[in-house]
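Source file: coords-v9.txt (compact mmCIF, C-alpha atoms)
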```
# COMPACT_ATOMS: atom_id res chain seq x y z
CA MET C 1 109.84 109.56 137.49
CA LYS C 2 113.12 111.39 137.02
CA ALA C 3 116.35 109.94 138.43
CA VAL C 4 119.96 111.09 138.55
CA LEU C 5 123.24 109.18 138.77
CA ALA C 6 126.12 111.21 140.24
CA LEU C 7 129.76 110.11 140.46
CA ALA C 8 132.25 111.15 143.11
CA ASP C 9 134.37 113.00 140.54
CA GLY C 10 131.46 115.34 139.74
CA ARG C 11 130.08 113.72 136.56
CA THR C 12 126.29 113.38 136.55
CA PHE C 13 123.82 111.56 134.30
CA ALA C 14 120.08 112.22 134.10
CA GLY C 15 117.60 109.43 133.44
CA LYS C 16 114.34 107.86 134.50
CA SER C 17 113.59 105.65 137.47
CA PHE C 18 112.62 101.99 137.33
CA GLY C 19 112.65 99.42 140.08
CA ALA C 20 112.56 100.81 143.62
CA THR C 21 112.54 104.53 144.33
CA GLY C 22 114.78 106.37 146.79
CA GLU C 23 118.56 106.57 146.95
CA ALA C 24 121.31 103.99 146.53
CA THR C 25 125.07 104.35 146.89
CA GLY C 26 128.01 102.15 145.97
CA GLU C 27 130.95 101.67 143.64
CA VAL C 28 129.86 102.09 140.01
CA VAL C 29 131.19 99.38 137.65
CA PHE C 30 130.27 98.27 134.14
CA ASN C 31 129.44 94.76 132.93
CA THR C 32 129.93 93.82 129.26
CA ALA C 33 127.69 90.70 129.22
CA MET C 34 125.03 90.73 126.49
CA SER C 35 122.69 88.42 128.41
CA GLY C 36 122.22 86.98 131.88
CA TYR C 37 121.23 90.12 133.78
CA GLN C 38 119.27 88.03 136.28
CA GLU C 39 122.39 86.07 137.23
CA VAL C 40 124.27 89.37 137.57
CA LEU C 41 121.58 90.73 139.86
CA THR C 42 121.74 87.70 142.16
CA ASP C 43 125.55 87.32 142.24
CA PRO C 44 126.66 88.09 145.85
CA SER C 45 130.00 89.35 144.48
CA TYR C 46 128.23 92.60 143.52
CA LYS C 47 127.53 93.51 147.13
CA GLY C 48 128.21 97.24 147.58
CA GLN C 49 128.29 97.96 143.83
CA MET C 50 126.01 99.59 141.27
CA VAL C 51 126.20 97.80 137.94
CA CYS C 52 125.99 99.50 134.55
CA MET C 53 125.15 97.04 131.76
CA THR C 54 126.85 97.99 128.48
CA TYR C 55 124.38 96.03 126.34
CA PRO C 56 121.63 98.58 125.64
CA GLN C 57 118.38 96.66 126.24
CA MET C 58 117.53 94.97 129.54
CA GLY C 59 114.36 93.30 130.77
CA ASN C 60 113.38 91.52 127.55
CA THR C 61 113.65 88.02 129.08
CA GLY C 62 111.96 88.91 132.36
CA ILE C 63 112.75 87.04 135.58
CA ASN C 64 112.42 83.33 136.30
CA PRO C 65 113.11 81.41 139.55
CA GLU C 66 115.43 78.84 137.97
CA ASP C 67 118.19 81.33 137.10
CA MET C 68 118.82 82.73 140.57
CA GLU C 69 122.48 82.55 141.66
CA SER C 70 121.69 83.15 145.34
CA SER C 71 118.71 83.63 147.62
CA GLY C 72 118.29 87.32 146.78
CA LEU C 73 119.71 90.52 145.29
CA HIS C 74 122.94 91.96 146.67
CA LEU C 75 123.91 94.81 144.33
CA ALA C 76 123.19 98.40 145.38
CA GLY C 77 121.78 99.71 142.10
CA PHE C 78 121.14 98.82 138.45
CA ILE C 79 121.96 101.11 135.50
CA VAL C 80 120.69 100.44 131.95
CA LYS C 81 120.26 102.27 128.67
CA GLU C 82 116.75 101.03 127.89
CA TYR C 83 114.43 99.01 130.10
CA LEU C 84 111.87 96.81 128.29
CA ASP C 85 108.71 96.18 130.28
CA PHE C 86 107.26 93.44 128.03
CA PRO C 87 109.35 90.26 128.44
CA SER C 88 109.17 87.51 125.83
CA ASN C 89 110.38 84.30 127.47
CA TRP C 90 108.52 81.05 128.13
CA ARG C 91 110.24 80.72 131.53
CA SER C 92 109.50 84.26 132.74
CA THR C 93 107.30 84.72 135.80
CA MET C 94 107.64 88.49 136.40
CA THR C 95 109.20 91.65 134.96
CA LEU C 96 112.61 93.01 135.84
CA ASP C 97 110.98 96.22 137.12
CA ALA C 98 108.73 94.27 139.51
CA TYR C 99 111.67 92.16 140.68
CA LEU C 100 113.77 95.21 141.54
CA LYS C 101 110.82 96.81 143.34
CA GLU C 102 110.16 93.63 145.32
CA ASN C 103 113.78 93.54 146.48
CA GLY C 104 114.24 97.27 147.09
CA VAL C 105 116.89 97.81 144.41
CA VAL C 106 116.98 101.26 142.81
CA GLY C 107 117.33 101.34 139.01
CA ILE C 108 117.92 104.07 136.46
CA GLN C 109 117.36 103.92 132.70
CA GLY C 110 117.52 106.29 129.76
CA LEU C 111 121.01 107.63 130.40
CA ASP C 112 123.98 107.33 128.03
CA THR C 113 125.55 104.09 129.31
CA ARG C 114 128.20 104.21 126.57
CA ALA C 115 129.42 107.60 127.83
CA LEU C 116 129.32 106.32 131.43
CA THR C 117 131.34 103.21 130.51
CA ARG C 118 133.97 105.24 128.66
CA HIS C 119 134.19 107.61 131.62
CA LEU C 120 134.80 104.68 134.01
CA ARG C 121 137.39 103.18 131.64
CA ASP C 122 139.27 106.48 131.53
CA ASN C 123 138.90 107.49 135.17
CA GLY C 124 138.40 104.18 136.95
CA ALA C 125 135.53 102.66 138.89
CA GLN C 126 134.37 105.09 141.56
CA ASN C 127 131.65 105.66 144.08
CA GLY C 128 128.32 107.04 143.02
CA ILE C 129 124.70 107.58 143.98
CA ILE C 130 121.37 107.04 142.21
CA SER C 131 118.49 109.16 143.51
CA THR C 132 114.85 109.69 142.66
CA VAL C 133 114.26 112.05 145.61
CA ASP C 134 117.21 114.45 145.43
CA LEU C 135 117.84 115.71 141.89
CA ASP C 136 120.36 118.42 142.79
CA PRO C 137 123.73 117.53 141.15
CA GLY C 138 125.84 119.32 143.75
CA SER C 139 124.09 117.63 146.66
CA LEU C 140 124.38 114.19 145.04
CA VAL C 141 128.09 114.57 144.28
CA ARG C 142 128.75 115.44 147.93
CA LYS C 143 126.83 112.33 149.00
CA ALA C 144 128.79 110.18 146.53
CA ARG C 145 132.09 111.46 147.90
CA ALA C 146 131.04 110.43 151.41
CA VAL C 147 130.59 106.75 150.43
CA PRO C 148 133.38 104.51 151.85
CA SER C 149 135.91 103.22 149.32
CA MET C 150 135.64 99.59 148.23
CA ALA C 151 139.32 99.19 149.12
CA GLY C 152 139.54 98.07 152.73
CA LEU C 153 135.97 96.75 152.95
CA ASP C 154 135.25 93.20 154.12
CA LEU C 155 131.88 92.53 152.50
CA ALA C 156 132.07 88.75 152.29
CA SER C 157 131.01 88.20 155.89
CA GLY C 158 127.74 89.97 155.13
CA VAL C 159 126.75 87.59 152.33
CA SER C 160 128.08 84.30 153.73
CA CYS C 161 125.77 81.62 155.12
CA HIS C 162 125.36 81.41 158.91
CA GLU C 163 125.31 77.63 159.34
CA PRO C 164 126.81 74.69 157.40
CA TYR C 165 124.52 72.93 154.92
CA HIS C 166 124.68 70.13 152.38
CA TRP C 167 124.19 70.76 148.63
CA SER C 168 123.19 68.02 146.17
CA GLU C 169 121.60 69.82 143.20
CA LYS C 170 123.20 69.19 139.80
CA LEU C 171 123.44 71.37 136.69
CA TRP C 172 120.24 72.38 134.87
CA ASP C 173 119.04 70.27 131.95
CA LEU C 174 116.66 71.44 129.24
CA GLU C 175 114.44 68.38 129.54
CA THR C 176 114.56 67.66 133.28
CA GLY C 177 115.49 71.01 134.84
CA TYR C 178 117.42 70.59 138.10
CA SER C 179 117.88 67.14 139.61
CA GLN C 180 119.33 65.87 142.86
CA ALA C 181 122.45 63.71 142.91
CA GLU C 182 122.32 60.32 144.56
CA ARG C 183 124.74 59.85 147.45
CA GLY C 184 126.31 56.87 145.70
CA GLU C 185 127.46 58.96 142.72
CA LEU C 186 129.31 61.52 144.85
CA LYS C 187 132.80 60.14 145.44
CA TYR C 188 134.70 63.15 146.77
CA LYS C 189 133.92 65.00 150.00
CA VAL C 190 134.43 68.74 149.60
CA VAL C 191 134.14 71.50 152.17
CA ALA C 192 133.15 74.67 150.30
CA TYR C 193 133.78 77.98 152.06
CA ASP C 194 131.02 80.48 151.34
CA PHE C 195 132.33 84.01 150.85
CA GLY C 196 129.34 84.79 148.61
CA ILE C 197 129.12 81.54 146.68
CA LYS C 198 127.06 81.23 143.49
CA TYR C 199 124.63 78.34 143.18
CA ASN C 200 126.08 77.26 139.83
CA ILE C 201 129.50 76.69 141.40
CA LEU C 202 127.86 74.24 143.78
CA ARG C 203 126.01 72.57 140.90
CA CYS C 204 129.26 72.21 138.94
CA LEU C 205 130.99 70.61 141.92
CA VAL C 206 128.14 68.14 142.43
CA SER C 207 127.94 67.31 138.72
CA ALA C 208 131.69 66.58 138.82
CA GLY C 209 131.09 64.01 141.57
CA CYS C 210 131.61 66.05 144.73
CA ASP C 211 129.68 65.57 147.98
CA VAL C 212 129.54 69.23 149.03
CA THR C 213 129.21 70.67 152.52
CA VAL C 214 128.97 74.47 152.47
CA VAL C 215 130.34 76.29 155.51
CA PRO C 216 130.37 79.96 156.64
CA ALA C 217 133.32 82.24 155.91
CA GLY C 218 134.56 82.01 159.50
CA PHE C 219 134.19 78.25 159.90
CA PRO C 220 137.31 77.06 161.82
CA ALA C 221 139.80 75.03 159.80
CA GLU C 222 140.02 72.48 162.60
CA GLN C 223 136.31 71.70 162.29
CA ALA C 224 136.56 71.52 158.51
CA LEU C 225 139.48 69.07 158.74
CA ALA C 226 137.53 67.00 161.27
CA LEU C 227 135.01 66.31 158.47
CA ASN C 228 137.87 64.53 156.66
CA PRO C 229 137.22 66.10 153.25
CA ASP C 230 139.07 65.14 150.09
CA GLY C 231 139.42 68.81 149.18
CA ILE C 232 138.77 72.41 150.22
CA PHE C 233 136.98 74.87 147.94
CA LEU C 234 137.24 78.67 148.36
CA SER C 235 134.39 80.59 146.74
CA ASN C 236 133.84 83.90 145.02
CA GLY C 237 132.60 86.91 146.95
CA PRO C 238 132.57 90.72 147.21
CA GLY C 239 134.94 93.34 148.56
CA ASP C 240 138.63 93.61 149.33
CA PRO C 241 140.38 90.38 150.39
CA GLU C 242 143.09 92.07 152.50
CA PRO C 243 140.89 92.98 155.52
CA MET C 244 139.82 89.33 155.86
CA THR C 245 142.79 88.50 158.09
CA ALA C 246 141.07 85.79 160.14
CA VAL C 247 139.94 84.00 156.98
CA ILE C 248 143.43 84.24 155.47
CA GLU C 249 144.94 82.71 158.59
CA ASN C 250 142.31 79.98 158.51
CA ILE C 251 143.19 79.09 154.89
CA ARG C 252 146.87 78.74 155.82
CA LYS C 253 145.92 75.79 158.04
CA PHE C 254 144.80 73.80 154.98
CA VAL C 255 148.01 74.33 153.00
CA GLY C 256 149.91 71.07 152.72
CA LYS C 257 147.06 69.10 154.29
CA LYS C 258 144.33 69.07 151.63
CA PRO C 259 143.98 69.87 147.91
CA ILE C 260 142.61 73.42 147.49
CA PHE C 261 140.70 75.04 144.63
CA GLY C 262 139.78 78.74 144.70
CA ILE C 263 137.65 80.94 142.45
CA CYS C 264 137.65 84.77 142.29
CA LEU C 265 137.77 86.12 145.89
CA GLY C 266 138.83 82.61 146.95
CA HIS C 267 141.75 82.91 144.50
CA GLN C 268 142.76 86.26 146.00
CA LEU C 269 142.48 84.99 149.58
CA LEU C 270 144.58 81.97 148.66
CA GLY C 271 147.24 84.25 147.19
CA LEU C 272 147.36 86.24 150.44
CA ALA C 273 147.45 83.04 152.53
CA LEU C 274 150.47 81.87 150.54
CA GLY C 275 152.31 85.11 151.34
CA GLY C 276 151.47 87.18 148.27
CA ARG C 277 149.88 90.58 147.67
CA THR C 278 146.72 91.81 145.96
CA GLN C 279 146.00 95.09 144.22
CA LYS C 280 142.88 97.02 143.22
CA LEU C 281 142.34 97.29 139.47
CA LYS C 282 141.45 100.55 137.74
CA PHE C 283 137.97 99.47 136.68
CA GLY C 284 137.98 95.72 137.20
CA ASN C 285 136.72 93.02 134.83
CA HIS C 286 132.99 92.31 134.74
CA GLY C 287 131.32 90.39 131.92
CA SER C 288 130.95 87.05 130.18
CA ASN C 289 133.07 87.57 127.08
CA LEU C 290 136.64 88.05 128.34
CA PRO C 291 139.60 86.13 126.79
CA VAL C 292 141.96 84.15 129.01
CA MET C 293 144.94 82.00 128.03
CA ASP C 294 145.75 78.69 129.71
CA MET C 295 149.53 79.03 129.95
CA ALA C 296 150.10 75.25 129.94
CA THR C 297 148.20 74.52 126.72
CA ARG C 298 148.29 78.04 125.17
CA LYS C 299 144.59 77.64 124.46
CA VAL C 300 142.35 80.69 124.73
CA GLU C 301 139.10 80.47 126.68
CA ILE C 302 136.27 83.00 126.66
CA THR C 303 135.33 83.48 130.29
CA ALA C 304 132.92 85.06 132.72
CA GLN C 305 134.52 87.48 135.18
CA ASN C 306 133.52 89.71 138.07
CA HIS C 307 136.33 91.19 140.13
CA GLY C 308 137.92 94.49 141.08
CA PHE C 309 141.11 93.13 142.69
CA SER C 310 143.97 91.03 141.34
CA VAL C 311 146.77 88.85 142.71
CA ASP C 312 150.33 90.11 142.21
CA ILE C 313 151.99 86.96 140.87
CA ASP C 314 155.49 88.43 141.32
CA SER C 315 154.91 88.49 145.07
CA LEU C 316 154.50 84.70 144.94
CA ALA C 317 157.67 83.93 142.96
CA GLY C 318 158.91 80.44 143.78
CA VAL C 319 155.64 79.55 145.49
CA THR C 320 153.15 79.56 142.61
CA SER C 321 153.38 79.78 138.84
CA LEU C 322 151.14 81.68 136.43
CA ALA C 323 148.49 79.27 135.13
CA HIS C 324 146.11 81.65 133.30
CA GLU C 325 146.50 85.19 131.97
CA ASN C 326 143.92 87.80 130.99
CA LEU C 327 144.59 88.71 127.34
CA ASN C 328 142.98 92.15 127.67
CA ASP C 329 145.02 93.59 130.53
CA GLN C 330 147.59 90.82 131.27
CA THR C 331 146.41 90.43 134.86
CA VAL C 332 146.64 87.11 136.67
CA GLU C 333 143.70 84.81 135.89
CA GLY C 334 145.02 81.67 137.54
CA MET C 335 147.89 80.23 139.53
CA ARG C 336 149.17 76.80 140.48
CA HIS C 337 151.31 75.92 143.51
CA CYS C 338 154.81 74.82 142.56
CA GLU C 339 154.78 71.77 144.86
CA LEU C 340 151.40 71.23 146.52
CA PRO C 341 147.97 70.22 145.08
CA ILE C 342 146.67 73.78 145.08
CA PHE C 343 145.35 75.91 142.21
CA SER C 344 142.96 78.80 141.70
CA VAL C 345 141.45 81.02 139.02
CA GLN C 346 140.31 84.63 139.00
CA HIS C 347 137.57 84.06 136.41
CA HIS C 348 134.33 82.10 136.85
CA PRO C 349 134.42 78.61 135.25
CA GLU C 350 130.83 77.97 136.36
CA ALA C 351 129.72 80.82 134.05
CA SER C 352 126.00 81.56 134.65
CA PRO C 353 125.95 83.77 132.73
CA GLY C 354 128.67 83.06 130.23
CA PRO C 355 130.43 80.41 128.13
CA HIS C 356 131.40 76.95 129.36
CA ASP C 357 135.00 76.99 128.09
CA SER C 358 136.43 76.68 131.62
CA HIS C 359 134.12 73.98 133.02
CA TYR C 360 137.04 71.52 132.81
CA LEU C 361 138.56 73.12 135.91
CA PHE C 362 136.06 71.31 138.14
CA GLY C 363 137.28 68.06 136.61
CA ARG C 364 140.85 69.15 137.30
CA PHE C 365 139.96 69.61 140.97
CA VAL C 366 138.48 66.09 141.07
CA GLU C 367 141.61 64.63 139.44
CA MET C 368 143.73 66.41 142.03
CA MET C 369 141.67 64.97 144.89
CA GLU C 370 141.83 61.48 143.40
CA LYS C 371 145.64 61.62 143.16
CA ASN C 372 145.95 62.83 146.76
CA ARG C 373 143.56 60.41 148.43
```

Represent the structure contained in this file as structure tokens.
Amino acid sequence: MKAVLALADGRTFAGKSFGATGEATGEVVFNTAMSGYQEVLTDPSYKGQMVCMTYPQMGNTGINPEDMESSGLHLAGFIVKEYLDFPSNWRSTMTLDAYLKENGVVGIQGLDTRALTRHLRDNGAQNGIISTVDLDPGSLVRKARAVPSMAGLDLASGVSCHEPYHWSEKLWDLETGYSQAERGELKYKVVAYDFGIKYNILRCLVSAGCDVTVVPAGFPAEQALALNPDGIFLSNGPGDPEPMTAVIENIRKFVGKKPIFGICLGHQLLGLALGGRTQKLKFGNHGSNLPVMDMATRKVEITAQNHGFSVDIDSLAGVTSLAHENLNDQTVEGMRHCELPIFSVQHHPEASPGPHDSHYLFGRFVEMMEKNR
């Protein structure tokens, strides 16, 4: 079946449908990861976005239940150069096409993803539409232009959990798979705020020795403090952090009371809670092969990233210092409070998909909690 991708600036790309049929709209971004498409599909941070994978072949490892990063799919659409319908993977239980159909996600293949990526690099991420029912370019461009901008959208509340829950699953092992931590080996009580949290973040916290209670995005700080945690964790998530004013005010109530660690959207929300500013990037950083420098050690880490906004570190002068820097575009990848036990990173140390260079940050959080007990 034919399908068309149209961008708000008038550029269109013809291709073929796979996954669900119909229409899907959202902000079109590109991801440079060469593997791990299943983790990309199930990352709640992609809520409201249509993801173009720059690696040309997708579907060759199928889908397996163990690599889900959330309970379902959150992205609006999936864009690939070539879909492969015959997976070769001993863990696979279904095809990518069947998985997208089952979850109602529209996909398009057969278009020039290299040209699309270069267009987004030059002109910036922008809204678009994929359609299998309306193939008229003019009509589709008008529909794309009517899609609300990502700037100003609070999407985290739509992917957050509704009730608190306890998490005890540890990192995956080749021989044993996933295992549950014993209560006796979890020394540090952590309240993790879910703005669209990935499962592997929770596994990394547990494997580092944290007894994790996950709470909804709007969970009152007073109730979180009543649990007497050793630390507060602020998760990743989708959308613009600035509209989340109630959450930002809630985070301020933890400052100076508990150690805080934030990742991605949690990093941005922390920056706003400390009095700083955020800004939307031209096309964002999405992938699992992006270089970041630890400013304290001058070591370079290859990281996984997924964000369209960035903290303005100059707006936090005297409050935080630059801890990590993106070596591609020099944007802020991490910050540390000048006086309090608070730090955060823009990239994803839990990877999944991606390298494990930044896993040490979970240990740093544990060390911080130990010192502040």

Near range 163-174 of chain C, counting only C-alpha atoms, which residues have an atom at most 6 Å away, once you skip same-chain residues fewer than 3 positions from it, shown as a tab-separated table (two decimals) with C-alpha atoms, in the frame of the given file?
```tsv
chain	number	residue	atom	x	y	z
C	177	GLY	CA	115.49	71.01	134.84
C	178	TYR	CA	117.42	70.59	138.10
C	179	SER	CA	117.88	67.14	139.61
C	180	GLN	CA	119.33	65.87	142.86
C	181	ALA	CA	122.45	63.71	142.91
C	203	ARG	CA	126.01	72.57	140.90
C	206	VAL	CA	128.14	68.14	142.43
C	207	SER	CA	127.94	67.31	138.72
C	212	VAL	CA	129.54	69.23	149.03
C	213	THR	CA	129.21	70.67	152.52
C	214	VAL	CA	128.97	74.47	152.47
C	215	VAL	CA	130.34	76.29	155.51
```

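As for CA of Thr54 in chain C and CA of Met34 in chain C, they are spaced 7.7 Å apart.
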
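You will find CA of Cys264 in chain C at 24.3 Å from CA of Asp122 in chain C.
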
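Neighbours of Lys253 in chain C closer than or equal to 12 Å, with all atoms listed in the file counted and sequence neighbours fewer than 3 positions away skipped, come out as Pro220, Ala221, Glu222, Gln223, Ala224, Leu225, Ile232, Ala246, Val247, Ile248, Glu249, Asn250, Gly256, Lys257, Lys258, Pro259, Ile260, Leu270, Ala273 and Leu274 of chain C.
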
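Excluding Thr331 in chain C itself and same-chain residues fewer than 6 positions from it, the residues having an atom within 10 Å of it are Leu281, Val292, Phe309, Ser310, Val311, Asp312, Ile313, His324, Glu325 and Gln346 of chain C, counting only C-alpha atoms.
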
Top pick for closest residue to Asn127 in chain C, considering C:Ser358, C:Thr25, C:Ser139, C:Ser288 and counting all atoms listed in the file | C:Thr25

In terms of only C-alpha atoms, the residue from C:Val319, C:Val80, C:Met94, C:Leu265 at minimal distance from Pro65 in chain C is C:Met94

So how far away is CA of His267 in chain C from CA of His307 in chain C, in Å?
-> 10.8 Å
